[in-house]
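**Q** Starting off with a structure, shown below.
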Amino acid sequence: MTEDKKYEIDVSIRTIYLPDQSDEEAERHVFAYTITIANTGTVTSQLISRHWIINNGDGTTQEVRGLGVVGEQPLLKPGDSFEYTSGTVIPTPVGSMKGSYQMATEDGVHFDVAIPEFILSVPRILH
């Protein structure tokens, strides 16, 4: 296996709009996202921290950094995956999120995993 495949983490995302927690008149649009992080490499890796870039439909951006995800720093052996659900509130009916996870391995390597950009959209807003 090549060296670049040792530290391989796949990230997949599902989103849902939460109308019961949202208030359009108050410019409060609540979304939940479920992320699956899978270690497809050959080295045990631990998620240490996260960095989010949240873009609102009005052009404003918010950055969020923190340790772990949902209060955990999951340790992923090769073939393991970790799934969690979290959420965000934005003032516009459409926005997006992207970011990265910072990982550390049992062999002392630190690397970033890109979180692909995903769209947050109130149903029937985008065609």
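Here, A, B, ... name the chains of the structure tokens in the order displayed, residue numbers run from 1 inside each chain, and ligands are numbered from 1 in the same displayed order.
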How close does each residue of range 30-102 of chain A get to range 118-123 of chain A, giving the shortest atom pair and distance in Å to one decimal for every residue with an atom at most 6 Å away, counting only C-alpha atoms, sorted by chain and residue number, as a tab-separated table?
**A**
residue	atom	partner	partner_atom	distance
A:Pro93	CA	A:Val122	CA	5.4
A:Val94	CA	A:Ser121	CA	4.4
A:Gly95	CA	A:Leu120	CA	5.0
A:Ser96	CA	A:Ile119	CA	4.3
A:Met97	CA	A:Phe118	CA	5.5
**Q** Give me the residues near range 66-71 of chain A as number ranges by chain, where near means some atom within 9 Å (using only C-alpha atoms) and where sequence neighbours in that chain fewer than 3 positions away do not count.
**A** A: 47-51, 74, 84-86, 101-102
**Q** May I have the residues from that selection written out with N, CA and C atoms, as a compact mmCIF listing (two decimals), in the first residue's frame?
**A**
# COMPACT_ATOMS: atom_id res chain seq x y z
N LEU A 47 -9.63 11.46 15.98
CA LEU A 47 -10.09 12.81 15.66
C LEU A 47 -9.82 13.69 16.88
N ILE A 48 -9.01 14.71 16.69
CA ILE A 48 -8.62 15.59 17.79
C ILE A 48 -9.49 16.84 17.84
N SER A 49 -9.66 17.48 16.68
CA SER A 49 -10.41 18.74 16.67
C SER A 49 -11.09 18.94 15.32
N ARG A 50 -11.89 20.02 15.25
CA ARG A 50 -12.64 20.32 14.04
C ARG A 50 -12.54 21.80 13.73
N HIS A 51 -12.73 22.12 12.47
CA HIS A 51 -12.77 23.51 12.01
C HIS A 51 -13.88 23.60 10.97
N PRO A 74 -13.19 10.49 18.84
CA PRO A 74 -13.21 9.06 18.52
C PRO A 74 -11.88 8.53 17.98
N TYR A 84 -22.07 10.71 13.90
CA TYR A 84 -22.65 11.62 14.88
C TYR A 84 -23.59 12.59 14.18
N THR A 85 -24.50 13.15 14.98
CA THR A 85 -25.43 14.16 14.47
C THR A 85 -25.25 15.42 15.29
N SER A 86 -25.19 16.54 14.58
CA SER A 86 -25.09 17.84 15.22
C SER A 86 -25.98 18.79 14.44
N TYR A 101 -11.24 18.09 9.75
CA TYR A 101 -10.96 17.44 11.02
C TYR A 101 -9.44 17.34 11.15
N GLN A 102 -8.94 17.55 12.36
CA GLN A 102 -7.53 17.38 12.61
C GLN A 102 -7.37 16.03 13.32
**Q** Where in range 27-61 of chain A does DSSP assign strand (DSSP E), given as a ChimeraX atom specification?
**A** /A:29-39,45-56,61
**Q** List the spatial neighbours of Gly87 in chain A as a PyMOL selection string - criterion: any atom at most 6 Å away, only C-alpha atoms, same-chain residues fewer than 4 positions off excluded.
**A** chain A and resi 31-33
**Q** Please provide the set of residues having any atom within 8 Å of Ile9 in chain A, restricted to only C-alpha atoms, with same-chain residues fewer than 4 positions apart removed, written as a PyMOL selection string.
**A** chain A and resi 37-41+113
**Q** From the set A:Ile54, A:Val109, A:Gln62, A:Pro91, which residue has the shortest atom-to-atom contact distance to Glu25 in chain A, counting only C-alpha atoms?
**A**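 Among the listed residues, the smallest separation from Glu25 in chain A belongs to A:Pro91.
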**Q** Which residues, written as a list of chain:residue names, have at least one atom at most 9 Å from Glu106 in chain A, with only C-alpha atoms counted and residues fewer than 3 positions away on the same chain left out?
**A**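 Contacts, in chain order: A:Val43, A:Thr44, A:Ser45, A:Gln46, A:Val109.
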**Q** Could you tell me, as a ChimeraX atom specification, which residues of chain A DSSP assigns to helix (DSSP H, G or I) when given the backbone?
**A** /A:3-5,19-21,24-26
**Q** Here is a test: counting only C-alpha atoms, which residue of A:Asp112, A:Glu83, A:Asp107, A:Glu24 is nearest to Ser12 in chain A?
**A** A:Glu83
**Q** Please report the interatomic distance between CA of Val89 in chain A and CA of Asp10 in chain A in Å with one decimal.
**A**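 The value is 25.3 Å.
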